[in-house]
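Shown next: target.pdb, given as PDB, N, CA and C atoms, pLDDT in the B column.
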ATOM      1  N   MET S 154     106.273 119.570 132.130  1.00 78.00           N
ATOM      2  CA  MET S 154     105.908 119.819 130.747  1.00 78.00           C
ATOM      3  C   MET S 154     104.408 119.621 130.578  1.00 78.00           C
ATOM      4  N   ILE S 155     103.759 120.632 130.072  1.00 84.00           N
ATOM      5  CA  ILE S 155     102.312 120.581 129.876  1.00 84.00           C
ATOM      6  C   ILE S 155     102.031 120.283 128.406  1.00 84.00           C
ATOM      7  N   VAL S 156     101.204 119.249 128.177  1.00 84.00           N
ATOM      8  CA  VAL S 156     100.843 118.876 126.816  1.00 84.00           C
ATOM      9  C   VAL S 156      99.382 119.208 126.597  1.00 84.00           C
ATOM     10  N   ASN S 157      99.112 119.949 125.550  1.00 92.00           N
ATOM     11  CA  ASN S 157      97.737 120.314 125.235  1.00 92.00           C
ATOM     12  C   ASN S 157      97.088 119.146 124.488  1.00 92.00           C
ATOM     13  N   ILE S 158      95.980 118.654 124.992  1.00 93.00           N
ATOM     14  CA  ILE S 158      95.310 117.492 124.405  1.00 93.00           C
ATOM     15  C   ILE S 158      94.804 117.813 122.996  1.00 93.00           C
ATOM     16  N   GLY S 159      94.459 119.048 122.736  1.00 93.00           N
ATOM     17  CA  GLY S 159      94.015 119.433 121.395  1.00 93.00           C
ATOM     18  C   GLY S 159      95.131 119.281 120.375  1.00 93.00           C
ATOM     19  N   ASP S 160      96.364 119.633 120.764  1.00 93.00           N
ATOM     20  CA  ASP S 160      97.503 119.463 119.862  1.00 93.00           C
ATOM     21  C   ASP S 160      97.760 117.990 119.575  1.00 93.00           C
ATOM     22  N   VAL S 161      97.614 117.149 120.583  1.00 94.00           N
ATOM     23  CA  VAL S 161      97.828 115.716 120.406  1.00 94.00           C
ATOM     24  C   VAL S 161      96.793 115.154 119.438  1.00 94.00           C
ATOM     25  N   ILE S 162      95.550 115.531 119.620  1.00 96.00           N
ATOM     26  CA  ILE S 162      94.481 115.031 118.744  1.00 96.00           C
ATOM     27  C   ILE S 162      94.689 115.530 117.314  1.00 96.00           C
ATOM     28  N   ALA S 163      95.055 116.799 117.157  1.00 95.00           N
ATOM     29  CA  ALA S 163      95.276 117.354 115.826  1.00 95.00           C
ATOM     30  C   ALA S 163      96.438 116.633 115.132  1.00 95.00           C
ATOM     31  N   THR S 164      97.493 116.328 115.870  1.00 96.00           N
ATOM     32  CA  THR S 164      98.634 115.619 115.296  1.00 96.00           C
ATOM     33  C   THR S 164      98.245 114.208 114.874  1.00 96.00           C
ATOM     34  N   LEU S 165      97.464 113.527 115.696  1.00 97.00           N
ATOM     35  CA  LEU S 165      97.022 112.175 115.351  1.00 97.00           C
ATOM     36  C   LEU S 165      96.129 112.183 114.110  1.00 97.00           C
ATOM     37  N   ILE S 166      95.246 113.166 114.022  1.00 97.00           N
ATOM     38  CA  ILE S 166      94.376 113.264 112.840  1.00 97.00           C
ATOM     39  C   ILE S 166      95.220 113.527 111.599  1.00 97.00           C
ATOM     40  N   TYR S 167      96.208 114.435 111.714  1.00 97.00           N
ATOM     41  CA  TYR S 167      97.088 114.741 110.586  1.00 97.00           C
ATOM     42  C   TYR S 167      97.844 113.487 110.141  1.00 97.00           C
ATOM     43  N   LEU S 168      98.414 112.742 111.079  1.00 97.00           N
ATOM     44  CA  LEU S 168      99.147 111.524 110.738  1.00 97.00           C
ATOM     45  C   LEU S 168      98.232 110.491 110.097  1.00 97.00           C
ATOM     46  N   PHE S 169      97.009 110.381 110.591  1.00 97.00           N
ATOM     47  CA  PHE S 169      96.045 109.446 110.020  1.00 97.00           C
ATOM     48  C   PHE S 169      95.776 109.762 108.554  1.00 97.00           C
ATOM     49  N   PHE S 170      95.572 111.050 108.241  1.00 97.00           N
ATOM     50  CA  PHE S 170      95.304 111.429 106.861  1.00 97.00           C
ATOM     51  C   PHE S 170      96.520 111.241 105.971  1.00 97.00           C
ATOM     52  N   VAL S 171      97.714 111.495 106.490  1.00 97.00           N
ATOM     53  CA  VAL S 171      98.929 111.284 105.700  1.00 97.00           C
ATOM     54  C   VAL S 171      99.075 109.803 105.358  1.00 97.00           C
ATOM     55  N   ILE S 172      98.873 108.931 106.334  1.00 97.00           N
ATOM     56  CA  ILE S 172      98.965 107.492 106.094  1.00 97.00           C
ATOM     57  C   ILE S 172      97.874 107.052 105.118  1.00 97.00           C
ATOM     58  N   LEU S 173      96.689 107.613 105.250  1.00 97.00           N
ATOM     59  CA  LEU S 173      95.577 107.278 104.355  1.00 97.00           C
ATOM     60  C   LEU S 173      95.905 107.661 102.904  1.00 97.00           C
ATOM     61  N   VAL S 174      96.497 108.830 102.700  1.00 96.00           N
ATOM     62  CA  VAL S 174      96.857 109.266 101.352  1.00 96.00           C
ATOM     63  C   VAL S 174      97.904 108.329 100.755  1.00 96.00           C
ATOM     64  N   PHE S 175      98.927 107.968 101.537  1.00 96.00           N
ATOM     65  CA  PHE S 175      99.943 107.044 101.035  1.00 96.00           C
ATOM     66  C   PHE S 175      99.341 105.686 100.701  1.00 96.00           C
ATOM     67  N   ALA S 176      98.398 105.214 101.511  1.00 96.00           N
ATOM     68  CA  ALA S 176      97.753 103.927 101.248  1.00 96.00           C
ATOM     69  C   ALA S 176      96.950 103.978  99.948  1.00 96.00           C
ATOM     70  N   ILE S 177      96.234 105.067  99.714  1.00 95.00           N
ATOM     71  CA  ILE S 177      95.439 105.204  98.491  1.00 95.00           C
ATOM     72  C   ILE S 177      96.350 105.231  97.267  1.00 95.00           C
ATOM     73  N   ILE S 178      97.466 105.963  97.365  1.00 94.00           N
ATOM     74  CA  ILE S 178      98.403 106.019  96.238  1.00 94.00           C
ATOM     75  C   ILE S 178      98.984 104.633  95.968  1.00 94.00           C
ATOM     76  N   PHE S 179      99.359 103.903  97.026  1.00 94.00           N
ATOM     77  CA  PHE S 179      99.923 102.559  96.868  1.00 94.00           C
ATOM     78  C   PHE S 179      98.925 101.625  96.199  1.00 94.00           C
ATOM     79  N   ILE S 180      97.677 101.655  96.650  1.00 93.00           N
ATOM     80  CA  ILE S 180      96.640 100.784  96.069  1.00 93.00           C
ATOM     81  C   ILE S 180      96.391 101.148  94.610  1.00 93.00           C
ATOM     82  N   ALA S 181      96.394 102.441  94.295  1.00 90.00           N
ATOM     83  CA  ALA S 181      96.166 102.863  92.909  1.00 90.00           C
ATOM     84  C   ALA S 181      97.267 102.341  91.993  1.00 90.00           C
ATOM     85  N   PHE S 182      98.530 102.456  92.426  1.00 88.00           N
ATOM     86  CA  PHE S 182      99.622 101.955  91.597  1.00 88.00           C
ATOM     87  C   PHE S 182      99.564 100.442  91.460  1.00 88.00           C
ATOM     88  N   LYS S 183      99.175  99.745  92.521  1.00 87.00           N
ATOM     89  CA  LYS S 183      99.086  98.291  92.461  1.00 87.00           C
ATOM     90  C   LYS S 183      98.004  97.858  91.467  1.00 87.00           C
ATOM     91  N   ARG S 184      96.866  98.521  91.498  1.00 85.00           N
ATOM     92  CA  ARG S 184      95.794  98.182  90.557  1.00 85.00           C
ATOM     93  C   ARG S 184      96.181  98.505  89.125  1.00 85.00           C
ATOM     94  N   LEU S 185      96.897  99.614  88.937  1.00 83.00           N
ATOM     95  CA  LEU S 185      97.341  99.979  87.603  1.00 83.00           C
ATOM     96  C   LEU S 185      98.295  98.923  87.056  1.00 83.00           C
ATOM     97  N   LYS S 186      99.177  98.424  87.903  1.00 81.00           N
ATOM     98  CA  LYS S 186     100.123  97.382  87.491  1.00 81.00           C
ATOM     99  C   LYS S 186      99.374  96.093  87.151  1.00 81.00           C
ATOM    100  N   ASP S 187      98.388  95.728  87.973  1.00 79.00           N
ATOM    101  CA  ASP S 187      97.606  94.521  87.711  1.00 79.00           C
ATOM    102  C   ASP S 187      96.819  94.641  86.414  1.00 79.00           C
ATOM    103  N   SER S 188      96.276  95.817  86.130  1.00 83.00           N
ATOM    104  CA  SER S 188      95.477  95.977  84.918  1.00 83.00           C
ATOM    105  C   SER S 188      96.359  95.867  83.676  1.00 83.00           C
ATOM    106  N   THR S 189      97.609  96.323  83.753  1.00 83.00           N
ATOM    107  CA  THR S 189      98.494  96.181  82.595  1.00 83.00           C
ATOM    108  C   THR S 189      98.832  94.713  82.365  1.00 83.00           C
ATOM    109  N   LYS S 190      98.991  93.947  83.432  1.00 83.00           N
ATOM    110  CA  LYS S 190      99.240  92.502  83.281  1.00 83.00           C
ATOM    111  C   LYS S 190      98.038  91.825  82.635  1.00 83.00           C
ATOM    112  N   GLU S 191      96.837  92.203  83.068  1.00 85.00           N
ATOM    113  CA  GLU S 191      95.624  91.605  82.505  1.00 85.00           C
ATOM    114  C   GLU S 191      95.499  91.946  81.017  1.00 85.00           C
ATOM    115  N   LYS S 192      95.842  93.178  80.654  1.00 87.00           N
ATOM    116  CA  LYS S 192      95.779  93.565  79.243  1.00 87.00           C
ATOM    117  C   LYS S 192      96.760  92.742  78.420  1.00 87.00           C
ATOM    118  N   GLN S 193      97.942  92.481  78.958  1.00 88.00           N
ATOM    119  CA  GLN S 193      98.920  91.674  78.232  1.00 88.00           C
ATOM    120  C   GLN S 193      98.399  90.252  78.035  1.00 88.00           C
ATOM    121  N   ILE S 194      97.789  89.685  79.062  1.00 89.00           N
ATOM    122  CA  ILE S 194      97.251  88.325  78.959  1.00 89.00           C
ATOM    123  C   ILE S 194      96.137  88.274  77.919  1.00 89.00           C
ATOM    124  N   ILE S 195      95.249  89.276  77.941  1.00 90.00           N
ATOM    125  CA  ILE S 195      94.149  89.314  76.969  1.00 90.00           C
ATOM    126  C   ILE S 195      94.700  89.433  75.554  1.00 90.00           C
ATOM    127  N   ASN S 196      95.713  90.281  75.370  1.00 91.00           N
ATOM    128  CA  ASN S 196      96.303  90.435  74.035  1.00 91.00           C
ATOM    129  C   ASN S 196      96.944  89.132  73.561  1.00 91.00           C
ATOM    130  N   GLN S 197      97.586  88.397  74.459  1.00 92.00           N
ATOM    131  CA  GLN S 197      98.195  87.122  74.084  1.00 92.00           C
ATOM    132  C   GLN S 197      97.120  86.125  73.660  1.00 92.00           C
ATOM    133  N   LYS S 198      96.019  86.083  74.388  1.00 92.00           N
ATOM    134  CA  LYS S 198      94.936  85.169  74.034  1.00 92.00           C
ATOM    135  C   LYS S 198      94.324  85.537  72.683  1.00 92.00           C
ATOM    136  N   LEU S 199      94.122  86.841  72.467  1.00 91.00           N
ATOM    137  CA  LEU S 199      93.578  87.274  71.177  1.00 91.00           C
ATOM    138  C   LEU S 199      94.531  86.934  70.039  1.00 91.00           C
ATOM    139  N   ASP S 200      95.813  87.098  70.257  1.00 92.00           N
ATOM    140  CA  ASP S 200      96.787  86.753  69.216  1.00 92.00           C
ATOM    141  C   ASP S 200      96.738  85.266  68.884  1.00 92.00           C
ATOM    142  N   SER S 201      96.610  84.425  69.917  1.00 92.00           N
ATOM    143  CA  SER S 201      96.557  82.985  69.659  1.00 92.00           C
ATOM    144  C   SER S 201      95.278  82.619  68.909  1.00 92.00           C
ATOM    145  N   ILE S 202      94.158  83.268  69.228  1.00 91.00           N
ATOM    146  CA  ILE S 202      92.907  83.011  68.523  1.00 91.00           C
ATOM    147  C   ILE S 202      93.027  83.424  67.060  1.00 91.00           C
ATOM    148  N   LEU S 203      93.639  84.594  66.816  1.00 90.00           N
ATOM    149  CA  LEU S 203      93.806  85.056  65.440  1.00 90.00           C
ATOM    150  C   LEU S 203      94.728  84.127  64.649  1.00 90.00           C
ATOM    151  N   GLN S 204      95.754  83.607  65.288  1.00 90.00           N
ATOM    152  CA  GLN S 204      96.651  82.668  64.615  1.00 90.00           C
ATOM    153  C   GLN S 204      95.902  81.395  64.234  1.00 90.00           C
ATOM    154  N   LYS S 205      95.063  80.897  65.137  1.00 87.00           N
ATOM    155  CA  LYS S 205      94.278  79.692  64.836  1.00 87.00           C
ATOM    156  C   LYS S 205      93.318  79.939  63.669  1.00 87.00           C
ATOM    157  N   LEU S 206      92.704  81.118  63.654  1.00 86.00           N
ATOM    158  CA  LEU S 206      91.794  81.443  62.564  1.00 86.00           C
ATOM    159  C   LEU S 206      92.556  81.544  61.242  1.00 86.00           C
ATOM    160  N   ASP S 207      93.735  82.127  61.265  1.00 85.00           N
ATOM    161  CA  ASP S 207      94.542  82.224  60.042  1.00 85.00           C
ATOM    162  C   ASP S 207      94.945  80.840  59.531  1.00 85.00           C
ATOM    163  N   GLU S 208      95.235  79.927  60.450  1.00 84.00           N
ATOM    164  CA  GLU S 208      95.641  78.570  60.054  1.00 84.00           C
ATOM    165  C   GLU S 208      94.456  77.840  59.422  1.00 84.00           C
ATOM    166  N   GLU S 209      93.250  78.078  59.913  1.00 78.00           N
ATOM    167  CA  GLU S 209      92.079  77.399  59.362  1.00 78.00           C
ATOM    168  C   GLU S 209      91.749  77.905  57.966  1.00 78.00           C
ATOM    169  N   ILE S 210      92.006  79.167  57.721  1.00 73.00           N
ATOM    170  CA  ILE S 210      91.693  79.750  56.399  1.00 73.00           C
ATOM    171  C   ILE S 210      92.790  79.389  55.464  1.00 73.00           C
TER     172      ILE S 210
END
Kindly present the structure from the file in structure tokens form.
Amino acid sequence: MIVNIGDVIATLIYLFFVILVFAIIFIAFKRLKDSTKEKQIINQKLDSILQKLDEEI
């Protein structure tokens, strides 16, 4: 069986790019999830500050 080295290299490059695309998508979703958690925390802190201000008035 004869294997063409060009085909092997092309397949490895293709697999590398496929894995790279999946990694980028995974990281993007992870950051999006983290940013929503941060927004919730910020909103909770703002709500507590507003409640304290309302109590003082």
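Computed from the coordinates, the atom N of S:Arg184 to atom C of S:Ile172 distance equals 16.1 Å.
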Next on the checklist: Just to confirm, what's the straight-line distance from atom C of S:Leu173 to atom CA of S:Leu185 in Å (one decimal)?
Outcome noted: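 Separating atom C of S:Leu173 from atom CA of S:Leu185 is a distance of 17.2 Å.
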Item to check | Separation of atom N of S:Ile180 from atom C of S:Lys198 in Å | outcome: 29.1 Å
Edge lengths and centre in Å to one decimal, as AutoDock Vina command-line options, of the axis-aligned box that encloses all listed atoms of stretch 163-181 of chain S with 3 Å added on every side?
--center_x 97.2 --center_y 109.1 --center_z 104.6 --size_x 11.6 --size_y 22.6 --size_z 31.2
Mind completing stretch 189-210 of chain S with N, CA, C and O atoms? Output as a compact mmCIF listing (two decimals), keeping the file's coordinate frame, please?
# COMPACT_ATOMS: atom_id res chain seq x y z
N THR S 189 97.61 96.32 83.75
CA THR S 189 98.49 96.18 82.60
C THR S 189 98.83 94.71 82.36
O THR S 189 98.93 94.27 81.22
N LYS S 190 98.99 93.95 83.43
CA LYS S 190 99.24 92.50 83.28
C LYS S 190 98.04 91.82 82.64
O LYS S 190 98.19 90.98 81.76
N GLU S 191 96.84 92.20 83.07
CA GLU S 191 95.62 91.60 82.50
C GLU S 191 95.50 91.95 81.02
O GLU S 191 95.11 91.11 80.22
N LYS S 192 95.84 93.18 80.65
CA LYS S 192 95.78 93.56 79.24
C LYS S 192 96.76 92.74 78.42
O LYS S 192 96.44 92.33 77.29
N GLN S 193 97.94 92.48 78.96
CA GLN S 193 98.92 91.67 78.23
C GLN S 193 98.40 90.25 78.04
O GLN S 193 98.54 89.67 76.96
N ILE S 194 97.79 89.68 79.06
CA ILE S 194 97.25 88.32 78.96
C ILE S 194 96.14 88.27 77.92
O ILE S 194 96.07 87.36 77.09
N ILE S 195 95.25 89.28 77.94
CA ILE S 195 94.15 89.31 76.97
C ILE S 195 94.70 89.43 75.55
O ILE S 195 94.23 88.75 74.63
N ASN S 196 95.71 90.28 75.37
CA ASN S 196 96.30 90.44 74.04
C ASN S 196 96.94 89.13 73.56
O ASN S 196 96.84 88.78 72.38
N GLN S 197 97.59 88.40 74.46
CA GLN S 197 98.20 87.12 74.08
C GLN S 197 97.12 86.12 73.66
O GLN S 197 97.28 85.40 72.66
N LYS S 198 96.02 86.08 74.39
CA LYS S 198 94.94 85.17 74.03
C LYS S 198 94.32 85.54 72.68
O LYS S 198 94.04 84.66 71.85
N LEU S 199 94.12 86.84 72.47
CA LEU S 199 93.58 87.27 71.18
C LEU S 199 94.53 86.93 70.04
O LEU S 199 94.09 86.51 68.96
N ASP S 200 95.81 87.10 70.26
CA ASP S 200 96.79 86.75 69.22
C ASP S 200 96.74 85.27 68.88
O ASP S 200 96.79 84.88 67.71
N SER S 201 96.61 84.42 69.92
CA SER S 201 96.56 82.98 69.66
C SER S 201 95.28 82.62 68.91
O SER S 201 95.29 81.77 68.00
N ILE S 202 94.16 83.27 69.23
CA ILE S 202 92.91 83.01 68.52
C ILE S 202 93.03 83.42 67.06
O ILE S 202 92.61 82.70 66.14
N LEU S 203 93.64 84.59 66.82
CA LEU S 203 93.81 85.06 65.44
C LEU S 203 94.73 84.13 64.65
O LEU S 203 94.49 83.87 63.47
N GLN S 204 95.75 83.61 65.29
CA GLN S 204 96.65 82.67 64.61
C GLN S 204 95.90 81.40 64.23
O GLN S 204 96.08 80.86 63.13
N LYS S 205 95.06 80.90 65.14
CA LYS S 205 94.28 79.69 64.84
C LYS S 205 93.32 79.94 63.67
O LYS S 205 93.14 79.08 62.80
N LEU S 206 92.70 81.12 63.65
CA LEU S 206 91.79 81.44 62.56
C LEU S 206 92.56 81.54 61.24
O LEU S 206 92.06 81.11 60.20
N ASP S 207 93.74 82.13 61.26
CA ASP S 207 94.54 82.22 60.04
C ASP S 207 94.94 80.84 59.53
O ASP S 207 94.98 80.59 58.33
N GLU S 208 95.24 79.93 60.45
CA GLU S 208 95.64 78.57 60.05
C GLU S 208 94.46 77.84 59.42
O GLU S 208 94.64 77.04 58.50
N GLU S 209 93.25 78.08 59.91
CA GLU S 209 92.08 77.40 59.36
C GLU S 209 91.75 77.90 57.97
O GLU S 209 91.24 77.18 57.14
N ILE S 210 92.01 79.17 57.72
CA ILE S 210 91.69 79.75 56.40
C ILE S 210 92.79 79.39 55.46
O ILE S 210 92.85 78.67 54.62
